[in-house]
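Enquirer: Sending over model06.cif (mmCIF, C-alpha atoms and all ligand atoms).
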```cif
data_my_file
#
loop_
_atom_site.label_atom_id
_atom_site.label_comp_id
_atom_site.auth_asym_id
_atom_site.auth_seq_id
_atom_site.Cartn_x
_atom_site.Cartn_y
_atom_site.Cartn_z
CA MET P 1 -23.51 42.09 51.02
CA ASP P 2 -21.11 39.77 49.27
CA LEU P 3 -20.73 40.77 45.62
CA ALA P 4 -17.49 38.83 45.13
CA THR P 5 -17.34 36.98 41.86
CA SER P 6 -14.98 34.55 40.28
CA TYR P 7 -14.17 34.93 36.59
CA LEU P 8 -11.42 33.13 34.64
CA GLY P 9 -9.89 32.10 37.95
CA LEU P 10 -9.70 35.74 39.05
CA THR P 11 -11.42 36.95 42.19
CA LEU P 12 -13.37 40.12 41.47
CA LYS P 13 -14.99 42.49 43.96
CA HIS P 14 -18.24 42.33 42.01
CA PRO P 15 -19.36 41.31 38.52
CA LEU P 16 -19.17 44.63 36.61
CA ILE P 17 -16.38 44.89 34.02
CA ALA P 18 -15.53 47.58 31.46
CA SER P 19 -15.35 45.76 28.13
CA SER P 20 -12.90 46.28 25.33
CA SER P 21 -13.03 49.62 23.49
CA PRO P 22 -10.79 52.64 22.82
CA LEU P 23 -11.91 53.92 26.23
CA THR P 24 -9.82 51.24 27.92
CA GLY P 25 -6.78 52.04 25.78
CA GLU P 26 -5.79 55.12 27.81
CA ILE P 27 -4.07 54.73 31.15
CA ASP P 28 -5.92 57.75 32.63
CA ASN P 29 -9.26 56.23 31.69
CA LEU P 30 -8.22 52.95 33.26
CA ARG P 31 -7.41 54.72 36.52
CA ARG P 32 -10.75 56.52 36.41
CA LEU P 33 -12.58 53.25 35.69
CA GLU P 34 -10.92 51.68 38.72
CA ASP P 35 -11.84 54.72 40.84
CA ALA P 36 -15.42 54.46 39.60
CA GLY P 37 -15.46 50.89 40.87
CA ALA P 38 -14.91 48.66 37.81
CA ALA P 39 -14.06 45.14 39.00
CA ALA P 40 -11.79 44.51 36.00
CA ILE P 41 -11.11 46.01 32.59
CA VAL P 42 -10.60 44.54 29.14
CA LEU P 43 -8.11 46.41 26.97
CA PRO P 44 -8.89 47.20 23.32
CA SER P 45 -8.04 44.38 20.94
CA ILE P 46 -4.75 44.12 19.19
CA PHE P 47 -5.35 42.75 15.71
CA GLU P 48 -3.64 39.90 13.90
CA GLU P 49 -3.01 42.29 10.99
CA GLN P 50 -1.21 44.78 13.25
CA ILE P 51 1.00 42.06 14.65
CA GLU P 52 1.76 40.63 11.21
CA HIS P 53 2.44 44.08 9.80
CA GLU P 54 4.96 44.87 12.51
CA ALA P 55 6.53 41.43 12.24
CA ALA P 56 6.90 41.88 8.46
CA GLU P 57 8.41 45.30 9.03
CA PHE P 58 10.87 43.77 11.49
CA GLU P 59 11.83 41.05 8.98
CA ARG P 60 12.46 43.77 6.39
CA LEU P 61 14.73 45.66 8.78
CA ALA P 62 16.45 42.48 9.90
CA ASP P 63 17.03 41.46 6.26
CA ALA P 64 18.52 44.84 5.47
CA ARG P 65 20.90 44.48 8.38
CA THR P 66 21.81 40.89 7.67
CA ASP P 67 22.56 41.87 4.05
CA SER P 68 25.11 44.36 5.19
CA PHE P 69 26.50 42.32 8.09
CA PRO P 70 26.45 38.56 7.40
CA GLU P 71 27.56 37.83 10.96
CA ALA P 72 24.33 39.46 12.15
CA LEU P 73 22.35 36.40 11.00
CA SER P 74 22.62 34.84 14.44
CA TYR P 75 21.95 38.20 16.04
CA PHE P 76 18.28 38.04 15.03
CA PRO P 77 17.06 34.49 15.69
CA PRO P 78 13.71 33.85 13.93
CA SER P 79 11.88 33.59 17.25
CA ALA P 80 12.93 37.11 18.11
CA ALA P 81 10.76 38.48 15.32
CA PHE P 82 8.02 39.37 17.76
CA ALA P 83 10.36 41.07 20.19
CA PHE P 84 9.62 44.14 18.07
CA GLY P 85 5.89 43.39 17.96
CA PRO P 86 3.35 46.09 18.70
CA ASP P 87 5.31 47.39 21.62
CA ARG P 88 2.79 50.00 22.52
CA TYR P 89 0.22 47.35 23.35
CA LEU P 90 2.61 45.47 25.57
CA GLU P 91 3.59 48.75 27.19
CA LEU P 92 -0.09 49.49 27.84
CA ILE P 93 -0.44 46.14 29.61
CA ARG P 94 2.66 46.80 31.74
CA ARG P 95 1.56 50.31 32.65
CA ALA P 96 -1.99 49.21 33.39
CA ARG P 97 -0.76 46.40 35.65
CA GLY P 98 1.54 48.85 37.41
CA ALA P 99 -1.15 51.47 37.88
CA LEU P 100 -4.18 49.33 38.77
CA GLU P 101 -5.07 46.84 41.46
CA ILE P 102 -7.95 45.33 39.49
CA PRO P 103 -7.29 42.63 36.88
CA VAL P 104 -6.29 43.73 33.40
CA ILE P 105 -7.55 41.47 30.63
CA ALA P 106 -5.81 41.80 27.26
CA SER P 107 -7.65 41.18 24.01
CA LEU P 108 -6.36 39.59 20.83
CA ASN P 109 -8.23 39.55 17.55
CA GLY P 110 -7.17 36.80 15.23
CA SER P 111 -9.03 34.57 12.83
CA THR P 112 -6.19 32.35 11.67
CA SER P 113 -3.75 30.36 13.74
CA ALA P 114 -0.61 31.46 11.88
CA GLY P 115 2.63 32.48 13.60
CA TRP P 116 1.20 35.63 15.18
CA THR P 117 -0.07 33.57 18.12
CA ASP P 118 3.43 33.82 19.63
CA TYR P 119 2.40 37.34 20.47
CA ALA P 120 0.08 35.88 23.11
CA ARG P 121 3.18 34.78 25.01
CA LEU P 122 4.44 38.37 25.03
CA ILE P 123 1.07 39.48 26.38
CA GLN P 124 1.48 36.99 29.18
CA GLU P 125 5.03 38.14 29.87
CA ALA P 126 3.83 41.76 29.97
CA GLY P 127 1.68 40.76 32.94
CA ALA P 128 -1.91 40.53 31.64
CA SER P 129 -4.21 38.86 34.15
CA ALA P 130 -6.06 36.96 31.43
CA LEU P 131 -6.60 37.03 27.69
CA GLU P 132 -9.77 37.53 25.71
CA LEU P 133 -9.79 36.14 22.17
CA ASN P 134 -11.97 38.49 20.21
CA SER P 135 -12.91 36.32 17.27
CA PHE P 136 -14.48 39.16 15.27
CA PHE P 137 -14.48 37.74 11.76
CA VAL P 138 -17.10 38.14 9.05
CA PRO P 139 -16.97 35.17 6.64
CA VAL P 140 -17.63 37.22 3.50
CA ASP P 141 -16.09 34.46 1.38
CA VAL P 142 -19.31 32.65 0.47
CA GLY P 143 -17.32 29.52 -0.30
CA LEU P 144 -16.34 29.16 3.35
CA ASP P 145 -18.67 26.71 5.04
CA GLY P 146 -19.94 26.99 8.60
CA ARG P 147 -17.88 24.10 9.93
CA ALA P 148 -14.68 25.70 8.58
CA VAL P 149 -15.53 28.98 10.32
CA GLU P 150 -16.08 27.14 13.59
CA GLN P 151 -12.85 25.21 13.09
CA ARG P 152 -10.96 28.53 12.84
CA HIS P 153 -12.19 29.44 16.30
CA LEU P 154 -11.06 26.11 17.69
CA ASP P 155 -7.71 26.33 15.91
CA VAL P 156 -6.99 29.82 17.21
CA LEU P 157 -7.93 28.81 20.76
CA ARG P 158 -5.71 25.72 20.63
CA ALA P 159 -2.81 27.64 19.08
CA VAL P 160 -2.97 30.34 21.75
CA LYS P 161 -3.42 27.82 24.55
CA GLY P 162 -0.32 26.10 23.22
CA VAL P 163 1.83 29.14 24.03
CA VAL P 164 0.35 30.58 27.23
CA THR P 165 -0.84 29.45 30.62
CA LEU P 166 -3.06 32.52 31.04
CA PRO P 167 -6.79 31.94 31.45
CA ILE P 168 -8.49 32.50 28.11
CA ALA P 169 -11.98 33.76 27.34
CA VAL P 170 -13.43 33.54 23.83
CA LYS P 171 -15.57 36.45 22.70
CA LEU P 172 -17.98 35.13 20.12
CA SER P 173 -20.44 36.51 17.63
CA PRO P 174 -23.99 35.15 17.84
CA HIS P 175 -23.98 34.24 14.14
CA PHE P 176 -23.59 30.48 14.26
CA SER P 177 -26.23 27.93 13.41
CA ALA P 178 -25.63 26.13 16.71
CA VAL P 179 -24.05 28.53 19.22
CA GLY P 180 -24.43 26.01 22.04
CA ASP P 181 -22.49 23.30 20.22
CA LEU P 182 -19.63 25.65 19.33
CA VAL P 183 -19.39 26.89 22.93
CA ARG P 184 -19.40 23.29 24.16
CA ARG P 185 -16.55 22.36 21.79
CA LEU P 186 -14.54 25.44 22.76
CA ASP P 187 -15.19 24.51 26.38
CA GLN P 188 -13.82 21.03 25.76
CA ALA P 189 -10.81 22.58 24.01
CA GLY P 190 -9.99 24.42 27.24
CA ALA P 191 -11.61 27.87 26.99
CA ASN P 192 -11.92 29.29 30.50
CA GLY P 193 -14.75 31.64 29.65
CA PHE P 194 -17.12 32.92 26.97
CA VAL P 195 -17.98 36.51 26.27
CA LEU P 196 -21.44 36.59 24.72
CA PHE P 197 -21.63 38.32 22.34
CA ASN P 198 -19.52 40.57 20.19
CA ARG P 199 -21.32 43.10 18.01
CA PHE P 200 -20.45 43.17 14.34
CA TYR P 201 -19.88 46.52 12.75
CA GLN P 202 -22.37 46.46 9.92
CA PRO P 203 -22.15 48.86 7.02
CA ASP P 204 -24.83 51.38 6.16
CA ILE P 205 -25.13 53.63 3.11
CA ASP P 206 -24.87 57.39 3.21
CA LEU P 207 -27.34 58.38 0.49
CA LEU P 208 -25.93 61.89 0.21
CA THR P 209 -22.40 60.81 -0.60
CA MET P 210 -23.42 57.38 -1.99
CA ARG P 211 -20.70 55.82 0.10
CA LEU P 212 -20.70 53.04 2.63
CA SER P 213 -20.73 54.54 6.07
CA ARG P 214 -18.94 52.77 8.82
CA ASN P 215 -20.18 54.68 11.79
CA LEU P 216 -20.87 52.53 14.78
CA ASP P 217 -24.17 52.66 16.62
CA LEU P 218 -23.97 52.17 20.34
CA SER P 219 -26.12 49.36 21.75
CA THR P 220 -29.48 49.65 23.48
CA PRO P 221 -30.94 47.56 26.33
CA ALA P 222 -33.30 45.88 23.82
CA GLU P 223 -30.23 43.99 22.59
CA ILE P 224 -29.82 41.95 25.75
CA ARG P 225 -32.36 39.36 24.66
CA LEU P 226 -30.13 37.25 22.44
CA PRO P 227 -27.25 36.97 24.93
CA LEU P 228 -29.83 36.52 27.70
CA LEU P 229 -31.23 33.53 25.84
CA TRP P 230 -27.87 31.87 25.21
CA ILE P 231 -26.44 32.52 28.66
CA GLY P 232 -29.67 31.11 30.11
CA VAL P 233 -29.30 28.01 27.93
CA LEU P 234 -25.58 27.52 28.56
CA ALA P 235 -25.53 28.14 32.33
CA GLY P 236 -24.67 24.89 34.04
CA GLN P 237 -23.82 23.20 30.73
CA VAL P 238 -20.19 24.32 30.37
CA ARG P 239 -17.21 24.58 32.72
CA GLY P 240 -16.14 27.96 31.36
CA ALA P 241 -17.46 31.16 32.91
CA LEU P 242 -20.15 33.14 31.09
CA ALA P 243 -19.71 36.87 30.55
CA ALA P 244 -22.65 38.93 29.32
CA ALA P 245 -21.47 41.62 26.96
CA THR P 246 -24.24 43.54 25.20
CA GLY P 247 -26.78 46.22 26.04
CA VAL P 248 -26.01 46.91 29.71
CA GLU P 249 -27.25 50.44 30.14
CA SER P 250 -28.48 50.21 33.73
CA ALA P 251 -28.37 47.82 36.68
CA GLU P 252 -31.62 46.30 35.44
CA GLN P 253 -29.90 44.58 32.51
CA ALA P 254 -27.04 43.47 34.76
CA VAL P 255 -29.50 41.84 37.18
CA LYS P 256 -31.24 40.01 34.32
CA TYR P 257 -27.94 38.67 33.04
CA LEU P 258 -26.96 37.47 36.52
CA LEU P 259 -30.35 35.81 36.93
CA VAL P 260 -29.86 33.68 33.81
CA GLY P 261 -26.38 32.67 34.96
CA ALA P 262 -23.75 35.21 33.88
CA GLU P 263 -20.66 35.24 36.10
CA VAL P 264 -19.81 38.77 35.00
CA VAL P 265 -21.47 41.58 33.11
CA MET P 266 -19.59 43.89 30.75
CA THR P 267 -20.39 47.31 29.40
CA THR P 268 -19.01 49.68 26.79
CA SER P 269 -21.80 51.65 25.08
CA ALA P 270 -23.19 52.95 28.37
CA LEU P 271 -19.73 54.17 29.40
CA LEU P 272 -19.22 55.89 26.05
CA ARG P 273 -22.68 57.41 26.25
CA HIS P 274 -22.71 58.57 29.88
CA GLY P 275 -19.03 58.74 30.76
CA ILE P 276 -16.75 56.67 32.95
CA GLY P 277 -18.57 57.75 36.13
CA HIS P 278 -21.54 55.67 34.96
CA MET P 279 -19.72 52.62 36.28
CA ARG P 280 -20.27 54.04 39.78
CA THR P 281 -23.99 54.41 39.12
CA LEU P 282 -24.26 50.86 37.78
CA LEU P 283 -22.56 49.45 40.86
CA ALA P 284 -24.60 51.55 43.30
CA ASP P 285 -27.87 50.62 41.58
CA LEU P 286 -26.98 46.94 41.43
CA THR P 287 -26.13 46.95 45.14
CA GLU P 288 -29.36 48.79 45.93
CA TRP P 289 -31.44 46.32 43.91
CA LEU P 290 -29.94 43.36 45.70
CA ASP P 291 -30.18 45.08 49.10
CA ALA P 292 -33.83 45.91 48.63
CA ARG P 293 -34.53 42.21 48.09
CA GLY P 294 -32.45 41.01 51.00
CA VAL P 295 -29.95 39.19 48.79
CA ALA P 296 -26.94 38.28 50.95
CA ALA P 297 -24.55 37.15 48.22
CA ILE P 298 -24.57 37.56 44.48
CA GLY P 299 -24.29 33.79 44.15
CA ASP P 300 -27.80 33.53 45.63
CA ILE P 301 -29.40 34.98 42.51
CA ARG P 302 -26.93 33.84 39.87
CA GLY P 303 -28.49 31.36 37.49
CA LYS P 304 -31.82 31.26 39.32
CA MET P 305 -33.55 31.80 36.01
CA SER P 306 -31.32 29.70 33.78
CA ARG P 307 -32.96 27.14 31.54
CA GLU P 308 -31.63 24.37 33.77
CA ARG P 309 -32.97 25.85 36.99
CA LEU P 310 -36.26 27.31 35.81
CA GLY P 311 -38.06 24.01 35.65
CA ASP P 312 -39.75 25.39 32.51
CA PRO P 313 -37.37 24.54 29.66
CA PRO P 314 -39.80 25.61 26.88
CA ALA P 315 -39.46 29.17 28.19
CA PHE P 316 -36.18 29.32 26.23
CA GLU P 317 -37.42 27.46 23.19
CA ARG P 318 -39.76 27.56 20.23
CA GLY P 319 -42.59 26.26 22.40
CA ASN P 320 -42.58 29.62 24.10
CA TYR P 321 -42.86 31.43 20.79
CA ILE P 322 -45.94 29.44 19.89
CA SER P 323 -47.56 30.03 23.28
CA ILE P 324 -46.90 33.78 22.94
CA LEU P 325 -48.63 33.87 19.56
CA HIS P 326 -51.58 31.91 20.94
CA GLY P 327 -51.80 34.10 23.98
CA TRP P 328 -51.58 37.37 22.09
CA LYS P 329 -55.03 38.92 22.19
CA GLY P 330 -54.69 40.90 18.95
CA GLY P 331 -53.94 37.68 17.06
CA LEU P 332 -51.87 37.75 13.88
CA HIS P 333 -54.45 39.98 12.16
CA GLY P 334 -53.36 42.80 14.39
CA TRP P 335 -50.24 43.20 12.23
CA LYS P 336 -52.03 43.60 8.91
CA GLY P 337 -53.06 47.24 9.36
CA ARG P 338 -49.45 48.28 10.00
CA ALA P 339 -48.04 46.77 6.83
C1 LIG Z 401 -16.06 52.12 19.71
C2 LIG Z 401 -16.02 50.67 20.08
C3 LIG Z 401 -14.83 49.97 19.94
C4 LIG Z 401 -14.78 48.61 20.30
N1 LIG Z 401 -13.59 47.93 20.19
C5 LIG Z 401 -13.55 46.63 20.54
C6 LIG Z 401 -12.33 45.91 20.49
O1 LIG Z 401 -11.26 46.42 20.15
N2 LIG Z 401 -12.36 44.60 20.84
C7 LIG Z 401 -13.49 43.97 21.24
O2 LIG Z 401 -13.45 42.78 21.55
N3 LIG Z 401 -14.66 44.63 21.31
C8 LIG Z 401 -14.71 45.93 20.97
N4 LIG Z 401 -15.90 46.59 21.05
C9 LIG Z 401 -17.10 45.87 21.47
C10 LIG Z 401 -17.38 46.08 22.94
O3 LIG Z 401 -16.33 45.54 23.74
C11 LIG Z 401 -18.68 45.39 23.35
O4 LIG Z 401 -18.54 44.00 23.21
C12 LIG Z 401 -19.86 45.83 22.51
O5 LIG Z 401 -19.87 47.23 22.33
C13 LIG Z 401 -21.17 45.41 23.18
O6 LIG Z 401 -21.25 45.91 24.48
P1 LIG Z 401 -22.14 47.20 24.84
O7 LIG Z 401 -23.53 46.85 24.45
O8 LIG Z 401 -21.97 47.39 26.30
O9 LIG Z 401 -21.61 48.32 24.01
C14 LIG Z 401 -15.96 47.95 20.73
C15 LIG Z 401 -17.15 48.68 20.87
C16 LIG Z 401 -17.19 50.02 20.55
C17 LIG Z 401 -18.49 50.76 20.73
#
```
So, in terms of structure tokens, how does the structure I just supplied come out?
Ligand SMILES: Cc1cc2nc3c(=O)[nH]c(=O)nc-3n(C[C@H](O)[C@H](O)[C@H](O)COP(=O)(O)O)c2cc1C
Expert:
Amino acid sequence: MDLATSYLGLTLKHPLIASSSPLTGEIDNLRRLEDAGAAAIVLPSIFEEQIEHEAAEFERLADARTDSFPEALSYFPPSAAFAFGPDRYLELIRRARGALEIPVIASLNGSTSAGWTDYARLIQEAGASALELNSFFVPVDVGLDGRAVEQRHLDVLRAVKGVVTLPIAVKLSPHFSAVGDLVRRLDQAGANGFVLFNRFYQPDIDLLTMRLSRNLDLSTPAEIRLPLLWIGVLAGQVRGALAAATGVESAEQAVKYLLVGAEVVMTTSALLRHGIGHMRTLLADLTEWLDARGVAAIGDIRGKMSRERLGDPPAFERGNYISILHGWKGGLHGWKGRA
């Protein structure tokens, strides 16, 4: 069976990728993920703040030196500021590329297009196969309007594209009033792929300590529905590749994502929950599912159930919601007793 998949111009053995998390930040884990069959891995994100912090620290050191040795001014040209950037991240890319045969996708988190984008060039030089822009950003400033938030995403993409030739995927949150329009504009601005969706870390309150708790819940398969909807709507509408990135616990969710049109399917929570070897199970079960149905190539099922191909567009829209309510035998009264 032909599971080969193309994503961001990379040829992958199959569509299963380990998404960005601390798990992918250790070279031993990366080797084990490759052994377990991962088709590619996404490294943890490096954050704009980390890059800026290190750049500021470098400036401070450079200033101290230039104070004592005026001739050193030319020794540290301004563009060299990032040569001291978060070296460990660049080293991780180099080591991962040296140790693995599968593609290594780096991940940058930035919400402004300030000077830190030069760091993307260093990521490229370190040998990353592609770059994911993790646009995790919560617009807590209530004066910031929706268009301005969207513009940030476009600005960051354009700034990064201005310094690298690497293929770039944008990892988005689902919290936009018109996800489809934003994806379309990012597509026009040259994004090579879209990772749908990121999960925001939302605070909770620990009532014992009366403090905000920041623990992170792992996802569940029930969470695939929102990305399933948007991938199904966007398949065939954009040039960029679609990566499904939430709630993949078993091959069942992966199959559903492929059916609506995902090029690749990513997983983190399931790997954290069951261990790296779970990647092997996912791949075996996906292969078995396809085999049992006589599917010769993964391309034969991809997008079969997208909005474009279904021939039943309301299935993805409000019309479907209304027909579900009409068709529900208990009627709306059924909810009253549970209130
Ligand atoms: C502990 C943890 C750390 C994560 N760190 C990152 C990160 O650095 N960058 C990123 O883009 N996503 C990060 N994510 C999000 C995952 O890559 C993934 O998009 C999200 O968990 C949804 O996928 P899942 O349902 O398979 O867990 C992290 C997730 C977890 C659980």
Enquirer: Could I get the residue neighbourhood of ligand LIG 401 (chain Z) at 7 Å, counting all atoms listed in the file, as a list in words?
Expert: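 Result of the 7 Å neighbour search around ligand LIG 401 (chain Z): Ser19, Ser20, Ser21, Pro22, Pro44, Ser45, Ile46, Ser107, Asn134, Lys171, Phe197, Asn198, Arg199, Leu216, Leu218, Ser219, Thr220, Ala245, Thr246, Gly247, Val248, Met266, Thr267, Thr268, Ser269 and Ala270 of chain P.
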Enquirer: With distances taken over all atoms listed in the file, which of P:Thr287, P:Ser113, P:Ser177, P:Thr209 is nearest to P:Lys161?
Expert: P:Ser113
Enquirer: Taking all atoms listed in the file into account, which of P:Asp87, P:Ile51, P:Ile17, P:Ser173 comes nearest P:Asp118?
Expert: P:Ile51
Enquirer: Which residue, P:Gln151, P:Ser6, P:Gln50, P:Ser129, has the smallest gap to P:Leu182 when you use only C-alpha atoms?
Expert: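 Using only C-alpha atoms, P:Leu182 sits closest to P:Gln151.
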Enquirer: Between P:Gly180, P:Gly275, P:Pro15, P:Gly236, which one has atoms that come closest to P:Arg309, using all atoms listed in the file?
Expert: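 Ranking P:Gly180, P:Gly275, P:Pro15, P:Gly236 by distance to P:Arg309, first place goes to P:Gly236.
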Enquirer: Between P:Arg307, P:Gly162, P:Ser111, P:Asp300, single out the one closest to P:Val149, counting all atoms listed in the file.
Expert: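 Checking each candidate against P:Val149, we get P:Ser111 as the closest.
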Enquirer: Which residue gives the smallest distance to P:Tyr89 among P:Ile105, P:Val42, P:Val179, P:Ile123, with only C-alpha atoms counted?
Expert: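 When distances to P:Tyr89 are compared using only C-alpha atoms, the smallest one comes from P:Ile123.
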Enquirer: Starting from the sparse input, extend stretch 149-177 of chain P to N, CA and C atoms and give the output as a compact mmCIF listing (two decimals), keeping the file's coordinate frame.
Expert:
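As a result, part-v8.txt now contains:
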```
# COMPACT_ATOMS: atom_id res chain seq x y z
N VAL P 149 -15.60 27.77 9.49
CA VAL P 149 -15.53 28.98 10.32
C VAL P 149 -15.39 28.58 11.79
N GLU P 150 -16.17 27.59 12.19
CA GLU P 150 -16.08 27.14 13.59
C GLU P 150 -14.69 26.57 13.88
N GLN P 151 -14.16 25.82 12.90
CA GLN P 151 -12.85 25.21 13.09
C GLN P 151 -11.77 26.27 13.33
N ARG P 152 -11.91 27.43 12.63
CA ARG P 152 -10.96 28.53 12.84
C ARG P 152 -10.93 28.94 14.31
N HIS P 153 -12.12 29.03 14.90
CA HIS P 153 -12.19 29.44 16.30
C HIS P 153 -11.47 28.42 17.20
N LEU P 154 -11.71 27.15 16.89
CA LEU P 154 -11.06 26.11 17.69
C LEU P 154 -9.55 26.13 17.48
N ASP P 155 -9.14 26.32 16.22
CA ASP P 155 -7.71 26.33 15.91
C ASP P 155 -7.00 27.48 16.61
N VAL P 156 -7.62 28.66 16.57
CA VAL P 156 -6.99 29.82 17.21
C VAL P 156 -6.88 29.58 18.71
N LEU P 157 -7.97 29.08 19.31
CA LEU P 157 -7.93 28.81 20.76
C LEU P 157 -6.81 27.83 21.09
N ARG P 158 -6.73 26.74 20.33
CA ARG P 158 -5.71 25.72 20.63
C ARG P 158 -4.31 26.28 20.43
N ALA P 159 -4.14 27.07 19.35
CA ALA P 159 -2.81 27.64 19.08
C ALA P 159 -2.40 28.56 20.22
N VAL P 160 -3.32 29.40 20.69
CA VAL P 160 -2.97 30.34 21.75
C VAL P 160 -2.75 29.58 23.06
N LYS P 161 -3.61 28.61 23.32
CA LYS P 161 -3.42 27.82 24.55
C LYS P 161 -2.09 27.07 24.55
N GLY P 162 -1.60 26.80 23.34
CA GLY P 162 -0.32 26.10 23.22
C GLY P 162 0.86 26.95 23.65
N VAL P 163 0.68 28.28 23.69
CA VAL P 163 1.83 29.14 24.03
C VAL P 163 1.69 29.89 25.35
N VAL P 164 0.49 29.86 25.95
CA VAL P 164 0.35 30.58 27.23
C VAL P 164 -0.32 29.71 28.29
N THR P 165 -0.12 30.11 29.53
CA THR P 165 -0.84 29.45 30.62
C THR P 165 -1.94 30.36 31.18
N LEU P 166 -2.04 31.56 30.60
CA LEU P 166 -3.06 32.52 31.04
C LEU P 166 -4.46 31.94 30.86
N PRO P 167 -5.40 32.30 31.73
CA PRO P 167 -6.79 31.94 31.45
C PRO P 167 -7.27 32.64 30.18
N ILE P 168 -8.07 31.95 29.39
CA ILE P 168 -8.49 32.50 28.11
C ILE P 168 -10.01 32.49 27.98
N ALA P 169 -10.55 33.66 27.64
CA ALA P 169 -11.98 33.76 27.34
C ALA P 169 -12.13 33.94 25.83
N VAL P 170 -13.17 33.36 25.26
CA VAL P 170 -13.43 33.54 23.83
C VAL P 170 -14.65 34.43 23.67
N LYS P 171 -14.46 35.52 22.94
CA LYS P 171 -15.57 36.45 22.70
C LYS P 171 -16.16 36.12 21.33
N LEU P 172 -17.38 35.67 21.34
CA LEU P 172 -17.98 35.13 20.12
C LEU P 172 -19.03 36.06 19.53
N SER P 173 -19.27 35.87 18.25
CA SER P 173 -20.44 36.51 17.63
C SER P 173 -21.62 35.55 17.82
N PRO P 174 -22.84 36.06 17.69
CA PRO P 174 -23.99 35.15 17.84
C PRO P 174 -24.34 34.45 16.53
N HIS P 175 -23.56 34.72 15.46
CA HIS P 175 -23.98 34.24 14.14
C HIS P 175 -23.45 32.85 13.80
N PHE P 176 -23.91 31.88 14.55
CA PHE P 176 -23.59 30.48 14.26
C PHE P 176 -24.91 29.72 14.24
N SER P 177 -24.95 28.65 13.46
CA SER P 177 -26.23 27.93 13.41
C SER P 177 -26.48 27.18 14.71
```
